[in-house]
$ cat my_file-v3.cif   # mmCIF, C-alpha atoms
data_protein
#
loop_
_atom_site.label_atom_id
_atom_site.label_comp_id
_atom_site.auth_asym_id
_atom_site.auth_seq_id
_atom_site.Cartn_x
_atom_site.Cartn_y
_atom_site.Cartn_z
CA THR E 1 -4.03 -6.29 26.33
CA GLU E 2 -1.40 -3.89 24.97
CA ALA E 3 -3.78 -0.90 25.22
CA GLU E 4 -4.52 -1.82 28.83
CA LYS E 5 -0.84 -2.00 29.76
CA VAL E 6 0.63 0.84 27.72
CA PHE E 7 -2.20 3.38 27.63
CA LYS E 8 -4.06 2.35 30.81
CA ILE E 9 -7.32 1.93 28.83
CA SER E 10 -9.83 -0.57 30.14
CA ARG E 11 -10.83 -3.43 27.86
CA PRO E 12 -14.50 -2.30 27.55
CA THR E 13 -13.42 1.26 26.67
CA PHE E 14 -11.00 -0.02 24.04
CA ASN E 15 -13.59 -2.39 22.57
CA ASN E 16 -16.19 0.40 22.41
CA ALA E 17 -13.69 2.69 20.65
CA MET E 18 -12.80 -0.01 18.13
CA ASP E 19 -16.48 -0.75 17.47
CA SER E 20 -17.15 2.96 16.91
CA LEU E 21 -14.20 3.34 14.54
CA LEU E 22 -15.36 0.27 12.59
CA ALA E 23 -18.95 1.55 12.43
CA ILE E 24 -17.89 4.98 11.16
CA GLY E 25 -15.53 3.37 8.69
CA PHE E 26 -12.27 4.89 9.93
CA ILE E 27 -10.71 1.45 10.25
CA GLU E 28 -11.34 -1.77 8.34
CA LYS E 29 -10.83 -5.32 9.48
CA VAL E 30 -8.32 -7.03 7.19
CA ARG E 31 -8.20 -10.39 8.95
CA TYR E 32 -10.42 -11.82 11.65
CA GLY E 33 -8.79 -13.18 14.78
CA GLY E 34 -9.46 -16.51 16.38
CA LEU E 35 -7.83 -19.82 17.15
CA LYS E 36 -5.66 -21.83 14.79
CA ASP E 37 -4.04 -25.04 15.94
CA GLY E 38 -4.77 -24.06 19.54
CA LYS E 39 -2.95 -20.72 19.21
CA GLY E 40 -4.57 -17.31 19.34
CA ILE E 41 -4.38 -15.36 16.08
CA ALA E 42 -4.76 -11.59 16.37
CA ALA E 43 -7.14 -9.68 14.13
CA HIS E 44 -5.56 -7.22 11.71
CA TYR E 45 -6.96 -3.77 11.01
CA ARG E 46 -6.00 -0.96 8.67
CA LEU E 47 -6.74 2.72 8.53
CA SER E 48 -9.33 3.56 5.91
CA ASP E 49 -9.31 6.63 3.66
CA LYS E 50 -12.86 7.46 4.76
CA TRP E 51 -11.59 9.63 7.62
CA LYS E 52 -10.37 12.18 5.06
CA SER E 53 -13.87 12.96 3.81
CA TRP E 54 -15.81 12.38 7.04
CA THR E 55 -17.94 15.20 8.39
CA PRO E 56 -19.22 14.95 11.95
CA PRO E 57 -22.99 14.84 12.48
CA GLN E 58 -24.79 18.07 13.30
CA ARG E 59 -24.84 18.84 17.00
CA ASP E 60 -28.07 19.61 18.80
CA ASN E 61 -27.24 22.81 20.69
CA THR E 62 -30.78 23.67 21.79
CA ASN E 63 -30.05 22.92 25.46
CA ILE E 64 -26.94 25.10 25.39
CA ILE E 65 -28.85 27.97 23.80
CA LYS E 66 -31.65 27.64 26.40
CA ALA E 67 -29.13 27.60 29.26
CA ARG E 68 -27.36 30.71 27.97
CA ALA E 69 -30.67 32.53 27.53
CA ALA E 70 -31.73 31.59 31.07
CA ARG E 71 -28.39 32.84 32.44
CA LYS E 72 -28.87 36.22 30.70
CA ASN E 73 -32.36 36.65 32.16
CA ARG E 74 -31.23 36.35 35.79
#

$ encode --input "my_file-v3.cif" --output "structure tokens"
Amino acid sequence: TEAEKVFKISRPTFNNAMDSLLAIGFIEKVRYGGLKDGKGIAAHYRLSDKWKSWTPPQRDNTNIIKARAARKNR
């Protein structure tokens, strides 16, 4: 809710970003959220050290190379 109000991010976009960060390992879930005594308990996350050694996957630039070659041949 805070991300929606402060940063104007939609809930699905925020959830997708959190899922991606969890999958990559940049953040770790410390405590799961839920209900306790009828009150909502927020989940807790922490920043992982994995982001320091992460290397992005190789990009497939074949379409870019083909497009540039086609532009040169005009």

$ closest_residue --input "my_file-v3.cif" --among "E:Gly38, E:Pro12, E:Gly25, E:Gly33" --to "Trp51 in chain E" --atoms "all atoms listed in the file"
E:Gly25

$ atom_distance --input "my_file-v3.cif" --atom1 "CA of Val30 in chain E" --atom2 "CA of Arg46 in chain E"
6.7 Å

$ closest_residue --input "my_file-v3.cif" --among "E:Arg68, E:Ile24, E:Ala3, E:Ala17" --to "Pro56 in chain E" --atoms "only C-alpha atoms"
E:Ile24

$ closest_residue --input "my_file-v3.cif" --among "E:Val6, E:Ala69, E:Lys29, E:Asp19" --to "Tyr45 in chain E" --atoms "all atoms listed in the file"
E:Lys29

$ atom_distance --input "my_file-v3.cif" --atom1 "CA of Phe26 in chain E" --atom2 "CA of His44 in chain E"
14.0 Å

$ resolve_selection --input "my_file-v3.cif" --expression "the PyMOL selection byres ((chain E and resi 42) around 9)" --output "compact mmCIF listing (two decimals) with C-alpha atoms, in the frame of the given file"
# COMPACT_ATOMS: atom_id res chain seq x y z
CA ARG E 31 -8.20 -10.39 8.95
CA TYR E 32 -10.42 -11.82 11.65
CA GLY E 33 -8.79 -13.18 14.78
CA GLY E 34 -9.46 -16.51 16.38
CA LEU E 35 -7.83 -19.82 17.15
CA GLY E 40 -4.57 -17.31 19.34
CA ILE E 41 -4.38 -15.36 16.08
CA ALA E 43 -7.14 -9.68 14.13
CA HIS E 44 -5.56 -7.22 11.71

$ closest_residue --input "my_file-v3.cif" --among "E:Lys50, E:Arg59, E:Lys72, E:Lys5" --to "Glu28 in chain E" --atoms "only C-alpha atoms"
E:Lys50

$ atom_distance --input "my_file-v3.cif" --atom1 "CA of Glu4 in chain E" --atom2 "CA of Ser20 in chain E"
18.0 Å

$ decode --input "my_file-v3.cif" --residues "range 20-35 of chain E" --atoms "all heavy atoms" --output "PDB file, in the first residue's frame"
ATOM      1  N   SER E  20      10.601 -10.957  -8.423  1.00  0.00           N
ATOM      2  CA  SER E  20      11.853 -11.021  -9.188  1.00  0.00           C
ATOM      3  C   SER E  20      13.065 -10.870  -8.278  1.00  0.00           C
ATOM      4  O   SER E  20      14.048 -11.599  -8.415  1.00  0.00           O
ATOM      5  CB  SER E  20      11.883  -9.932 -10.263  1.00  0.00           C
ATOM      6  OG  SER E  20      10.879 -10.139 -11.212  1.00  0.00           O
ATOM      7  N   LEU E  21      13.004  -9.917  -7.350  1.00  0.00           N
ATOM      8  CA  LEU E  21      14.122  -9.708  -6.425  1.00  0.00           C
ATOM      9  C   LEU E  21      14.327 -10.921  -5.516  1.00  0.00           C
ATOM     10  O   LEU E  21      15.468 -11.286  -5.215  1.00  0.00           O
ATOM     11  CB  LEU E  21      13.891  -8.452  -5.594  1.00  0.00           C
ATOM     12  CG  LEU E  21      13.963  -7.137  -6.359  1.00  0.00           C
ATOM     13  CD1 LEU E  21      13.480  -5.987  -5.489  1.00  0.00           C
ATOM     14  CD2 LEU E  21      15.368  -6.878  -6.860  1.00  0.00           C
ATOM     15  N   LEU E  22      13.236 -11.563  -5.112  1.00  0.00           N
ATOM     16  CA  LEU E  22      13.339 -12.784  -4.309  1.00  0.00           C
ATOM     17  C   LEU E  22      13.931 -13.925  -5.132  1.00  0.00           C
ATOM     18  O   LEU E  22      14.790 -14.675  -4.654  1.00  0.00           O
ATOM     19  CB  LEU E  22      11.973 -13.193  -3.768  1.00  0.00           C
ATOM     20  CG  LEU E  22      11.473 -12.428  -2.553  1.00  0.00           C
ATOM     21  CD1 LEU E  22       9.982 -12.661  -2.345  1.00  0.00           C
ATOM     22  CD2 LEU E  22      12.251 -12.827  -1.317  1.00  0.00           C
ATOM     23  N   ALA E  23      13.498 -14.063  -6.383  1.00  0.00           N
ATOM     24  CA  ALA E  23      13.977 -15.145  -7.236  1.00  0.00           C
ATOM     25  C   ALA E  23      15.468 -15.012  -7.538  1.00  0.00           C
ATOM     26  O   ALA E  23      16.199 -16.000  -7.544  1.00  0.00           O
ATOM     27  CB  ALA E  23      13.176 -15.185  -8.539  1.00  0.00           C
ATOM     28  N   ILE E  24      15.921 -13.787  -7.777  1.00  0.00           N
ATOM     29  CA  ILE E  24      17.330 -13.547  -8.067  1.00  0.00           C
ATOM     30  C   ILE E  24      18.165 -13.696  -6.799  1.00  0.00           C
ATOM     31  O   ILE E  24      19.326 -14.072  -6.849  1.00  0.00           O
ATOM     32  CB  ILE E  24      17.529 -12.141  -8.674  1.00  0.00           C
ATOM     33  CG1 ILE E  24      16.887 -12.076 -10.049  1.00  0.00           C
ATOM     34  CG2 ILE E  24      18.997 -11.780  -8.777  1.00  0.00           C
ATOM     35  CD1 ILE E  24      16.847 -10.692 -10.640  1.00  0.00           C
ATOM     36  N   GLY E  25      17.556 -13.426  -5.667  1.00  0.00           N
ATOM     37  CA  GLY E  25      18.267 -13.546  -4.402  1.00  0.00           C
ATOM     38  C   GLY E  25      18.758 -12.227  -3.849  1.00  0.00           C
ATOM     39  O   GLY E  25      19.555 -12.203  -2.918  1.00  0.00           O
ATOM     40  N   PHE E  26      18.293 -11.107  -4.415  1.00  0.00           N
ATOM     41  CA  PHE E  26      18.715  -9.793  -3.926  1.00  0.00           C
ATOM     42  C   PHE E  26      18.119  -9.491  -2.559  1.00  0.00           C
ATOM     43  O   PHE E  26      18.712  -8.781  -1.769  1.00  0.00           O
ATOM     44  CB  PHE E  26      18.303  -8.700  -4.895  1.00  0.00           C
ATOM     45  CG  PHE E  26      19.207  -8.576  -6.091  1.00  0.00           C
ATOM     46  CD1 PHE E  26      20.135  -9.540  -6.406  1.00  0.00           C
ATOM     47  CD2 PHE E  26      19.117  -7.476  -6.912  1.00  0.00           C
ATOM     48  CE1 PHE E  26      20.955  -9.424  -7.502  1.00  0.00           C
ATOM     49  CE2 PHE E  26      19.934  -7.341  -8.016  1.00  0.00           C
ATOM     50  CZ  PHE E  26      20.851  -8.314  -8.315  1.00  0.00           C
ATOM     51  N   ILE E  27      16.920  -9.991  -2.309  1.00  0.00           N
ATOM     52  CA  ILE E  27      16.298  -9.810  -1.001  1.00  0.00           C
ATOM     53  C   ILE E  27      15.903 -11.177  -0.464  1.00  0.00           C
ATOM     54  O   ILE E  27      15.700 -12.125  -1.224  1.00  0.00           O
ATOM     55  CB  ILE E  27      15.069  -8.865  -1.039  1.00  0.00           C
ATOM     56  CG1 ILE E  27      14.000  -9.388  -1.980  1.00  0.00           C
ATOM     57  CG2 ILE E  27      15.478  -7.453  -1.380  1.00  0.00           C
ATOM     58  CD1 ILE E  27      12.723  -8.574  -1.957  1.00  0.00           C
ATOM     59  N   GLU E  28      15.823 -11.275   0.852  1.00  0.00           N
ATOM     60  CA  GLU E  28      15.443 -12.515   1.519  1.00  0.00           C
ATOM     61  C   GLU E  28      14.280 -12.220   2.454  1.00  0.00           C
ATOM     62  O   GLU E  28      14.233 -11.154   3.066  1.00  0.00           O
ATOM     63  CB  GLU E  28      16.610 -13.059   2.340  1.00  0.00           C
ATOM     64  CG  GLU E  28      17.835 -13.372   1.524  1.00  0.00           C
ATOM     65  CD  GLU E  28      19.053 -13.642   2.385  1.00  0.00           C
ATOM     66  OE1 GLU E  28      19.064 -13.253   3.573  1.00  0.00           O
ATOM     67  OE2 GLU E  28      20.005 -14.236   1.865  1.00  0.00           O
ATOM     68  N   LYS E  29      13.372 -13.160   2.544  1.00  0.00           N
ATOM     69  CA  LYS E  29      12.245 -12.998   3.452  1.00  0.00           C
ATOM     70  C   LYS E  29      12.691 -13.457   4.839  1.00  0.00           C
ATOM     71  O   LYS E  29      13.120 -14.578   5.020  1.00  0.00           O
ATOM     72  CB  LYS E  29      11.048 -13.809   2.979  1.00  0.00           C
ATOM     73  CG  LYS E  29       9.761 -13.439   3.671  1.00  0.00           C
ATOM     74  CD  LYS E  29       8.574 -14.171   3.100  1.00  0.00           C
ATOM     75  CE  LYS E  29       8.052 -13.427   1.903  1.00  0.00           C
ATOM     76  NZ  LYS E  29       6.743 -13.896   1.456  1.00  0.00           N
ATOM     77  N   VAL E  30      12.607 -12.541   5.801  1.00  0.00           N
ATOM     78  CA  VAL E  30      13.001 -12.829   7.181  1.00  0.00           C
ATOM     79  C   VAL E  30      11.826 -13.399   7.957  1.00  0.00           C
ATOM     80  O   VAL E  30      11.974 -14.348   8.713  1.00  0.00           O
ATOM     81  CB  VAL E  30      13.526 -11.547   7.875  1.00  0.00           C
ATOM     82  CG1 VAL E  30      13.855 -11.803   9.319  1.00  0.00           C
ATOM     83  CG2 VAL E  30      14.729 -11.002   7.130  1.00  0.00           C
ATOM     84  N   ARG E  31      10.646 -12.795   7.753  1.00  0.00           N
ATOM     85  CA  ARG E  31       9.447 -13.239   8.452  1.00  0.00           C
ATOM     86  C   ARG E  31       8.270 -13.171   7.496  1.00  0.00           C
ATOM     87  O   ARG E  31       8.088 -12.177   6.785  1.00  0.00           O
ATOM     88  CB  ARG E  31       9.167 -12.344   9.657  1.00  0.00           C
ATOM     89  CG  ARG E  31       7.979 -12.823  10.489  1.00  0.00           C
ATOM     90  CD  ARG E  31       7.676 -11.906  11.638  1.00  0.00           C
ATOM     91  NE  ARG E  31       6.962 -10.745  11.098  1.00  0.00           N
ATOM     92  CZ  ARG E  31       6.729  -9.632  11.789  1.00  0.00           C
ATOM     93  NH1 ARG E  31       7.174  -9.517  13.014  1.00  0.00           N
ATOM     94  NH2 ARG E  31       6.065  -8.644  11.252  1.00  0.00           N
ATOM     95  N   TYR E  32       7.483 -14.225   7.469  1.00  0.00           N
ATOM     96  CA  TYR E  32       6.294 -14.257   6.631  1.00  0.00           C
ATOM     97  C   TYR E  32       5.185 -13.441   7.276  1.00  0.00           C
ATOM     98  O   TYR E  32       5.064 -13.401   8.487  1.00  0.00           O
ATOM     99  CB  TYR E  32       5.828 -15.696   6.414  1.00  0.00           C
ATOM    100  CG  TYR E  32       6.734 -16.469   5.490  1.00  0.00           C
ATOM    101  CD1 TYR E  32       7.838 -17.138   5.983  1.00  0.00           C
ATOM    102  CD2 TYR E  32       6.489 -16.493   4.130  1.00  0.00           C
ATOM    103  CE1 TYR E  32       8.685 -17.833   5.134  1.00  0.00           C
ATOM    104  CE2 TYR E  32       7.330 -17.179   3.272  1.00  0.00           C
ATOM    105  CZ  TYR E  32       8.424 -17.854   3.782  1.00  0.00           C
ATOM    106  OH  TYR E  32       9.254 -18.529   2.937  1.00  0.00           O
ATOM    107  N   GLY E  33       4.398 -12.795   6.448  1.00  0.00           N
ATOM    108  CA  GLY E  33       3.257 -12.029   6.939  1.00  0.00           C
ATOM    109  C   GLY E  33       2.041 -12.920   7.077  1.00  0.00           C
ATOM    110  O   GLY E  33       2.041 -14.074   6.695  1.00  0.00           O
ATOM    111  N   GLY E  34       0.993 -12.370   7.632  1.00  0.00           N
ATOM    112  CA  GLY E  34      -0.239 -13.124   7.791  1.00  0.00           C
ATOM    113  C   GLY E  34      -1.134 -12.494   8.835  1.00  0.00           C
ATOM    114  O   GLY E  34      -1.059 -11.297   9.096  1.00  0.00           O
ATOM    115  N   LEU E  35      -1.964 -13.296   9.428  1.00  0.00           N
ATOM    116  CA  LEU E  35      -2.886 -12.821  10.450  1.00  0.00           C
ATOM    117  C   LEU E  35      -2.524 -13.434  11.798  1.00  0.00           C
ATOM    118  O   LEU E  35      -2.232 -14.618  11.897  1.00  0.00           O
ATOM    119  CB  LEU E  35      -4.324 -13.195  10.109  1.00  0.00           C
ATOM    120  CG  LEU E  35      -4.914 -12.517   8.882  1.00  0.00           C
ATOM    121  CD1 LEU E  35      -6.287 -13.076   8.596  1.00  0.00           C
ATOM    122  CD2 LEU E  35      -4.995 -11.026   9.092  1.00  0.00           C
TER     123      LEU E  35
END
